[in-house]
Amino acid sequence: MAGTLYIVTTPIGNRGDLTPRAIETLRAVSLIVAEDTRHSAPLLVWAGVSTPVRSYHAHNEAEQAPRLVERLLEGHDIALISDAGTPLISDPGSRLVDAAIFAGITVVPIPGASAILAALVGSGLDATAFSFLGFLPRAVAERAAAATAALALPHTVILYEAPPRVAELLATLAAVGGPGRRCVVARELTKLHEEFRRGTVAELAAYYEATAPRGEVVVLIAGAPVVAPDHEAATKRAATLRAEGTSVRDTVRHLQEEFGVARNEAYRLAQGS
């Protein structure tokens with residue numbers, strides 16, 4: 001029988017967040033593949049894990065993935081870990097998981113600490129719905145376009161950023177239309193110097209321009225405010241479109257795109273009722 005590929009979440013800082021199930025799994029598998037074996041070694045020693053460890057990272061995953069799948073097909077269980085948190089989330093691993101699934105191998109996630117969720121629930125921003133966008137592009141034009149799209153989302157947006165570029169990220173967000181948007185920078189989550197700094201995008205951009213952050217950083221931005229449709233303007237626009245002979249279907253589309261009115265309301269106005 002084929003082995004099982006376990007996707008094991010490791011702590012994002014505090015070692016106490018490594019779950020008993022994760023420790024049990026890491027001890028039981030035949031092989032652990034780690035993003036950086038030197039980084040993971042102290043954690044594995046602390047947890048009493050003596051399982052062999054092999055390097056698996058962005059630069060060798062194309063070569064390693066088929067070899068690991070072959071080993072899984074031979075009946076060996078393998079655990080995939082990253083330097084911190086859950087593999088595949090802004091970390092290597094998707095190529096191996098895809099190949100394992102294609103080969104019919106069982107993939108089992110072992111959940112644990114999450115920088116995304118820890119930052120969200122501690123931020124004070126709305127946690128009803130959110131989008132995690134990872135790292136925005138580095139190229140200036142692409143970064144600005146991605147920032148604009150992020151600010152347009154109606155729910156909380158969560159980003160990762162390297163400490164030296166936090167001020168630049170916030171400055172970009174401010175420049176494309178979000179200077180007054182509520183924002184939180186969460187730093188060093190679960191660690192000794194954990195910090196949540198709250199303010200507007202512009203305020204935090206100015207702060208981090210003067211004070212570069214240290215450690216791992218998560219940036220959270222409040223969703224775009226909901227703007228109530230202008231029903232009076234929509235009614236006038238509908239009358240104009242009807243007078244011009246615009247079809248009901250096209251009138252509905254115009255009203256939705258221009259004024260954000262609900263579809264049933266747009267149909268009512270388009271028909272003049």
# chains A, B, ... in the order shown; residues from 1 in each chain; ligands from 1

$ residues_around --residues "region 36-38 of chain A" --least-positions-apart "3" --cutoff "10 Å" --atoms "only C-alpha atoms" --output "list in words"
Ile32, Val33, Ala41, Pro42, Leu43, Leu44, Val53, Arg54, Ser55, Tyr56, His57, Ile81, Ser82 and Asp83 of chain A

$ residues_around --residues "Val252 (chain A)" --least-positions-apart "5" --cutoff "9 Å" --atoms "only C-alpha atoms" --output "ChimeraX atom specification"
/A:238,247,257,263-270

$ write_last_selection --atoms "N, CA and C atoms" --output "PDB file, in the first residue's frame"
ATOM      1  N   ALA A 238     -32.380  55.779 -15.509  1.00  0.00           N
ATOM      2  CA  ALA A 238     -33.252  54.774 -16.130  1.00  0.00           C
ATOM      3  C   ALA A 238     -34.232  55.430 -17.085  1.00  0.00           C
ATOM      4  N   SER A 247     -32.496  48.780 -24.394  1.00  0.00           N
ATOM      5  CA  SER A 247     -33.219  47.572 -23.976  1.00  0.00           C
ATOM      6  C   SER A 247     -33.220  47.454 -22.458  1.00  0.00           C
ATOM      7  N   GLU A 257     -23.928  48.694 -12.865  1.00  0.00           N
ATOM      8  CA  GLU A 257     -22.531  49.101 -12.951  1.00  0.00           C
ATOM      9  C   GLU A 257     -22.320  50.535 -12.465  1.00  0.00           C
ATOM     10  N   ARG A 263     -30.282  43.904  -8.436  1.00  0.00           N
ATOM     11  CA  ARG A 263     -30.776  43.496  -9.747  1.00  0.00           C
ATOM     12  C   ARG A 263     -32.291  43.670  -9.866  1.00  0.00           C
ATOM     13  N   ASN A 264     -33.040  43.274  -8.832  1.00  0.00           N
ATOM     14  CA  ASN A 264     -34.495  43.387  -8.920  1.00  0.00           C
ATOM     15  C   ASN A 264     -34.937  44.854  -8.982  1.00  0.00           C
ATOM     16  N   GLU A 265     -34.217  45.735  -8.250  1.00  0.00           N
ATOM     17  CA  GLU A 265     -34.511  47.162  -8.299  1.00  0.00           C
ATOM     18  C   GLU A 265     -34.173  47.730  -9.677  1.00  0.00           C
ATOM     19  N   ALA A 266     -33.052  47.270 -10.245  1.00  0.00           N
ATOM     20  CA  ALA A 266     -32.661  47.731 -11.575  1.00  0.00           C
ATOM     21  C   ALA A 266     -33.708  47.346 -12.620  1.00  0.00           C
ATOM     22  N   TYR A 267     -34.253  46.134 -12.524  1.00  0.00           N
ATOM     23  CA  TYR A 267     -35.306  45.700 -13.452  1.00  0.00           C
ATOM     24  C   TYR A 267     -36.557  46.556 -13.304  1.00  0.00           C
ATOM     25  N   ARG A 268     -36.929  46.859 -12.066  1.00  0.00           N
ATOM     26  CA  ARG A 268     -38.112  47.700 -11.831  1.00  0.00           C
ATOM     27  C   ARG A 268     -37.951  49.059 -12.482  1.00  0.00           C
ATOM     28  N   LEU A 269     -36.753  49.675 -12.290  1.00  0.00           N
ATOM     29  CA  LEU A 269     -36.514  50.985 -12.871  1.00  0.00           C
ATOM     30  C   LEU A 269     -36.433  50.929 -14.386  1.00  0.00           C
ATOM     31  N   ALA A 270     -35.828  49.842 -14.904  1.00  0.00           N
ATOM     32  CA  ALA A 270     -35.687  49.697 -16.358  1.00  0.00           C
ATOM     33  C   ALA A 270     -37.040  49.591 -17.055  1.00  0.00           C
TER      34      ALA A 270
END

$ select_by_dssp --residues "region 29-196 of chain A" --states "strand (DSSP E)" --output "number ranges by chain"
A: 31-34, 53-55, 78-81, 106-110, 130-134, 156-161, 182-187, 195-196

$ write_last_selection --atoms "N, CA and C atoms" --output "short mmCIF file (atom, residue, chain, number, x, y, z; two decimals), in the first residue's frame"
data_model
loop_
_atom_site.label_atom_id
_atom_site.label_comp_id
_atom_site.auth_asym_id
_atom_site.auth_seq_id
_atom_site.Cartn_x
_atom_site.Cartn_y
_atom_site.Cartn_z
N LEU A 31 10.13 9.81 6.88
CA LEU A 31 10.97 10.91 6.42
C LEU A 31 10.24 12.24 6.64
N ILE A 32 11.01 13.25 7.03
CA ILE A 32 10.49 14.61 7.10
C ILE A 32 11.19 15.41 6.01
N VAL A 33 10.43 16.15 5.21
CA VAL A 33 11.04 17.06 4.24
C VAL A 33 10.77 18.48 4.74
N ALA A 34 11.86 19.25 4.87
CA ALA A 34 11.79 20.57 5.49
C ALA A 34 12.33 21.63 4.56
N VAL A 53 15.65 13.78 8.11
CA VAL A 53 15.13 15.01 7.50
C VAL A 53 15.86 15.27 6.20
N ARG A 54 15.08 15.66 5.18
CA ARG A 54 15.64 15.99 3.87
C ARG A 54 15.20 17.40 3.49
N SER A 55 16.07 18.10 2.78
CA SER A 55 15.76 19.47 2.35
C SER A 55 14.78 19.46 1.19
N ILE A 78 5.50 10.24 4.68
CA ILE A 78 6.37 11.43 4.65
C ILE A 78 5.62 12.61 5.24
N ALA A 79 6.34 13.44 6.00
CA ALA A 79 5.77 14.68 6.54
C ALA A 79 6.47 15.86 5.90
N LEU A 80 5.70 16.81 5.45
CA LEU A 80 6.22 18.05 4.87
C LEU A 80 6.05 19.18 5.88
N ILE A 81 7.15 19.89 6.18
CA ILE A 81 7.07 21.05 7.07
C ILE A 81 7.78 22.23 6.40
N THR A 106 -2.78 9.50 -0.45
CA THR A 106 -3.58 10.23 0.54
C THR A 106 -2.77 11.38 1.13
N VAL A 107 -3.36 12.57 1.15
CA VAL A 107 -2.72 13.75 1.73
C VAL A 107 -3.51 14.16 2.97
N VAL A 108 -2.82 14.24 4.10
CA VAL A 108 -3.48 14.53 5.38
C VAL A 108 -2.90 15.80 5.99
N PRO A 109 -3.70 16.85 6.19
CA PRO A 109 -3.19 18.06 6.85
C PRO A 109 -3.20 17.90 8.37
N ILE A 110 -2.14 18.37 9.00
CA ILE A 110 -2.06 18.40 10.46
C ILE A 110 -2.02 19.88 10.86
N PHE A 130 -12.63 37.48 4.82
CA PHE A 130 -11.33 38.10 4.56
C PHE A 130 -10.68 37.45 3.35
N SER A 131 -9.72 38.17 2.78
CA SER A 131 -8.91 37.65 1.68
C SER A 131 -7.45 37.70 2.08
N PHE A 132 -6.75 36.58 1.88
CA PHE A 132 -5.31 36.54 2.11
C PHE A 132 -4.63 36.60 0.75
N LEU A 133 -3.82 37.62 0.53
CA LEU A 133 -3.19 37.82 -0.77
C LEU A 133 -1.69 37.53 -0.76
N GLY A 134 -1.15 37.12 0.38
CA GLY A 134 0.28 36.83 0.43
C GLY A 134 1.11 38.08 0.21
N THR A 156 -11.93 42.45 4.96
CA THR A 156 -10.56 42.59 5.44
C THR A 156 -9.57 41.88 4.52
N VAL A 157 -8.46 42.55 4.25
CA VAL A 157 -7.40 42.01 3.40
C VAL A 157 -6.16 41.76 4.26
N ILE A 158 -5.54 40.61 4.08
CA ILE A 158 -4.35 40.24 4.85
C ILE A 158 -3.19 40.05 3.88
N LEU A 159 -2.07 40.69 4.20
CA LEU A 159 -0.88 40.63 3.36
C LEU A 159 0.32 40.22 4.19
N TYR A 160 1.29 39.58 3.55
CA TYR A 160 2.60 39.38 4.12
C TYR A 160 3.55 40.41 3.52
N GLU A 161 4.55 40.80 4.28
CA GLU A 161 5.58 41.67 3.74
C GLU A 161 6.86 41.52 4.54
N ARG A 182 -8.54 52.03 7.70
CA ARG A 182 -8.03 51.40 8.92
C ARG A 182 -7.04 50.30 8.57
N CYS A 183 -5.98 50.22 9.35
CA CYS A 183 -4.90 49.29 9.05
C CYS A 183 -4.27 48.80 10.34
N VAL A 184 -3.76 47.58 10.31
CA VAL A 184 -3.07 47.00 11.47
C VAL A 184 -1.81 46.31 10.96
N VAL A 185 -0.71 46.54 11.64
CA VAL A 185 0.53 45.81 11.38
C VAL A 185 0.79 44.91 12.58
N ALA A 186 0.74 43.60 12.36
CA ALA A 186 0.98 42.62 13.41
C ALA A 186 2.40 42.09 13.25
N ARG A 187 3.15 42.09 14.34
CA ARG A 187 4.58 41.76 14.25
C ARG A 187 4.97 40.73 15.31
N GLU A 195 3.48 42.34 18.75
CA GLU A 195 2.96 43.71 18.74
C GLU A 195 1.88 43.87 17.67
N PHE A 196 0.81 44.57 18.03
CA PHE A 196 -0.20 45.01 17.09
C PHE A 196 -0.19 46.53 17.08
#

$ residues_around --residues "region 60-62 of chain A" --least-positions-apart "6" --cutoff "12 Å" --atoms "only C-alpha atoms" --output "tab-separated table (two decimals) with N, CA and C atoms, in the first residue's frame"
chain	number	residue	atom	x	y	z
A	33	VAL	N	10.43	16.15	5.21
A	33	VAL	CA	11.04	17.06	4.24
A	33	VAL	C	10.77	18.48	4.74
A	34	ALA	N	11.86	19.25	4.87
A	34	ALA	CA	11.79	20.57	5.49
A	34	ALA	C	12.33	21.63	4.56
A	35	GLU	N	11.75	22.82	4.64
A	35	GLU	CA	12.20	23.94	3.81
A	35	GLU	C	13.67	24.25	4.06
A	36	ASP	N	14.06	24.28	5.33
A	36	ASP	CA	15.45	24.52	5.72
A	36	ASP	C	15.76	23.59	6.89
A	54	ARG	N	15.08	15.66	5.18
A	54	ARG	CA	15.64	15.99	3.87
A	54	ARG	C	15.20	17.40	3.49
A	68	LEU	N	10.08	11.93	-4.12
A	68	LEU	CA	9.30	11.74	-2.89
A	68	LEU	C	8.02	10.97	-3.18
A	69	VAL	N	7.40	11.25	-4.33
A	69	VAL	CA	6.20	10.50	-4.70
A	69	VAL	C	6.53	9.02	-4.90
A	80	LEU	N	5.70	16.81	5.45
A	80	LEU	CA	6.22	18.05	4.87
A	80	LEU	C	6.05	19.18	5.88
A	91	ASP	N	4.81	29.40	0.93
A	91	ASP	CA	5.95	28.51	1.12
A	91	ASP	C	5.89	27.39	0.09
A	92	PRO	N	7.01	26.68	-0.13
A	92	PRO	CA	7.02	25.57	-1.09
A	92	PRO	C	6.11	24.42	-0.64
A	93	GLY	N	5.75	23.56	-1.59
A	93	GLY	CA	5.00	22.36	-1.24
A	93	GLY	C	3.90	22.01	-2.22
A	94	SER	N	3.40	22.99	-2.97
A	94	SER	CA	2.25	22.72	-3.84
A	94	SER	C	2.59	21.70	-4.91
A	95	ARG	N	3.82	21.73	-5.44
A	95	ARG	CA	4.21	20.78	-6.49
A	95	ARG	C	4.17	19.35	-5.94
A	96	LEU	N	4.63	19.15	-4.73
A	96	LEU	CA	4.63	17.82	-4.13
A	96	LEU	C	3.21	17.35	-3.85
A	97	VAL	N	2.39	18.23	-3.31
A	97	VAL	CA	1.00	17.85	-3.01
A	97	VAL	C	0.25	17.51	-4.29
A	98	ASP	N	0.41	18.32	-5.32
A	98	ASP	CA	-0.26	18.05	-6.59
A	98	ASP	C	0.18	16.71	-7.17
A	99	ALA	N	1.48	16.44	-7.11
A	99	ALA	CA	2.00	15.19	-7.66
A	99	ALA	C	1.50	13.99	-6.86

$ residues_around --residues "Ala145 (chain A)" --least-positions-apart "3" --cutoff "12 Å" --atoms "only C-alpha atoms" --output "mmCIF file with N, CA and C atoms, in the first residue's frame"
data_model
loop_
_atom_site.group_PDB
_atom_site.id
_atom_site.type_symbol
_atom_site.label_atom_id
_atom_site.label_comp_id
_atom_site.auth_asym_id
_atom_site.auth_seq_id
_atom_site.Cartn_x
_atom_site.Cartn_y
_atom_site.Cartn_z
ATOM 1 N N LEU A 136 2.502 41.023 -2.166
ATOM 2 C CA LEU A 136 2.178 41.715 -3.400
ATOM 3 C C LEU A 136 3.405 41.704 -4.320
ATOM 4 N N PRO A 137 3.221 41.883 -5.630
ATOM 5 C CA PRO A 137 4.353 41.875 -6.573
ATOM 6 C C PRO A 137 5.390 42.940 -6.217
ATOM 7 N N ARG A 138 6.632 42.701 -6.604
ATOM 8 C CA ARG A 138 7.712 43.655 -6.332
ATOM 9 C C ARG A 138 7.759 44.778 -7.358
ATOM 10 N N ALA A 139 7.452 44.489 -8.636
ATOM 11 C CA ALA A 139 7.513 45.500 -9.688
ATOM 12 C C ALA A 139 6.533 46.632 -9.364
ATOM 13 N N VAL A 140 6.951 47.870 -9.575
ATOM 14 C CA VAL A 140 6.187 49.038 -9.142
ATOM 15 C C VAL A 140 4.781 49.060 -9.729
ATOM 16 N N ALA A 141 4.657 48.918 -11.044
ATOM 17 C CA ALA A 141 3.348 48.995 -11.696
ATOM 18 C C ALA A 141 2.434 47.858 -11.241
ATOM 19 N N GLU A 142 2.960 46.646 -11.182
ATOM 20 C CA GLU A 142 2.162 45.500 -10.761
ATOM 21 C C GLU A 142 1.758 45.627 -9.301
ATOM 22 N N THR A 148 -4.355 48.489 -5.557
ATOM 23 C CA THR A 148 -5.650 49.074 -5.924
ATOM 24 C C THR A 148 -6.754 48.025 -5.835
ATOM 25 N N ALA A 149 -6.479 46.833 -6.355
ATOM 26 C CA ALA A 149 -7.457 45.746 -6.307
ATOM 27 C C ALA A 149 -7.742 45.338 -4.867
ATOM 28 N N ALA A 150 -6.702 45.320 -4.035
ATOM 29 C CA ALA A 150 -6.879 44.942 -2.629
ATOM 30 C C ALA A 150 -7.780 45.933 -1.906
ATOM 31 N N LEU A 151 -7.582 47.223 -2.160
ATOM 32 C CA LEU A 151 -8.379 48.248 -1.499
ATOM 33 C C LEU A 151 -9.832 48.230 -1.944
ATOM 34 N N ALA A 152 -10.109 47.661 -3.105
ATOM 35 C CA ALA A 152 -11.477 47.610 -3.617
ATOM 36 C C ALA A 152 -12.297 46.490 -2.981
ATOM 37 N N THR A 172 2.495 52.667 -0.849
ATOM 38 C CA THR A 172 1.801 52.326 -2.091
ATOM 39 C C THR A 172 0.294 52.293 -1.873
ATOM 40 N N LEU A 173 -0.142 51.676 -0.789
ATOM 41 C CA LEU A 173 -1.569 51.606 -0.476
ATOM 42 C C LEU A 173 -2.151 53.004 -0.294
ATOM 43 N N ALA A 175 -0.971 55.766 -1.628
ATOM 44 C CA ALA A 175 -0.895 56.496 -2.895
ATOM 45 C C ALA A 175 -2.015 56.123 -3.858
ATOM 46 N N VAL A 176 -2.505 54.877 -3.781
ATOM 47 C CA VAL A 176 -3.532 54.446 -4.733
ATOM 48 C C VAL A 176 -4.950 54.611 -4.185
ATOM 49 N N GLY A 177 -5.075 55.324 -3.084
ATOM 50 C CA GLY A 177 -6.424 55.667 -2.638
ATOM 51 C C GLY A 177 -6.821 55.231 -1.254
#

$ atom_distance --atom1 "CA of Ala58 (chain A)" --atom2 "CA of Arg21 (chain A)"
26.7 Å
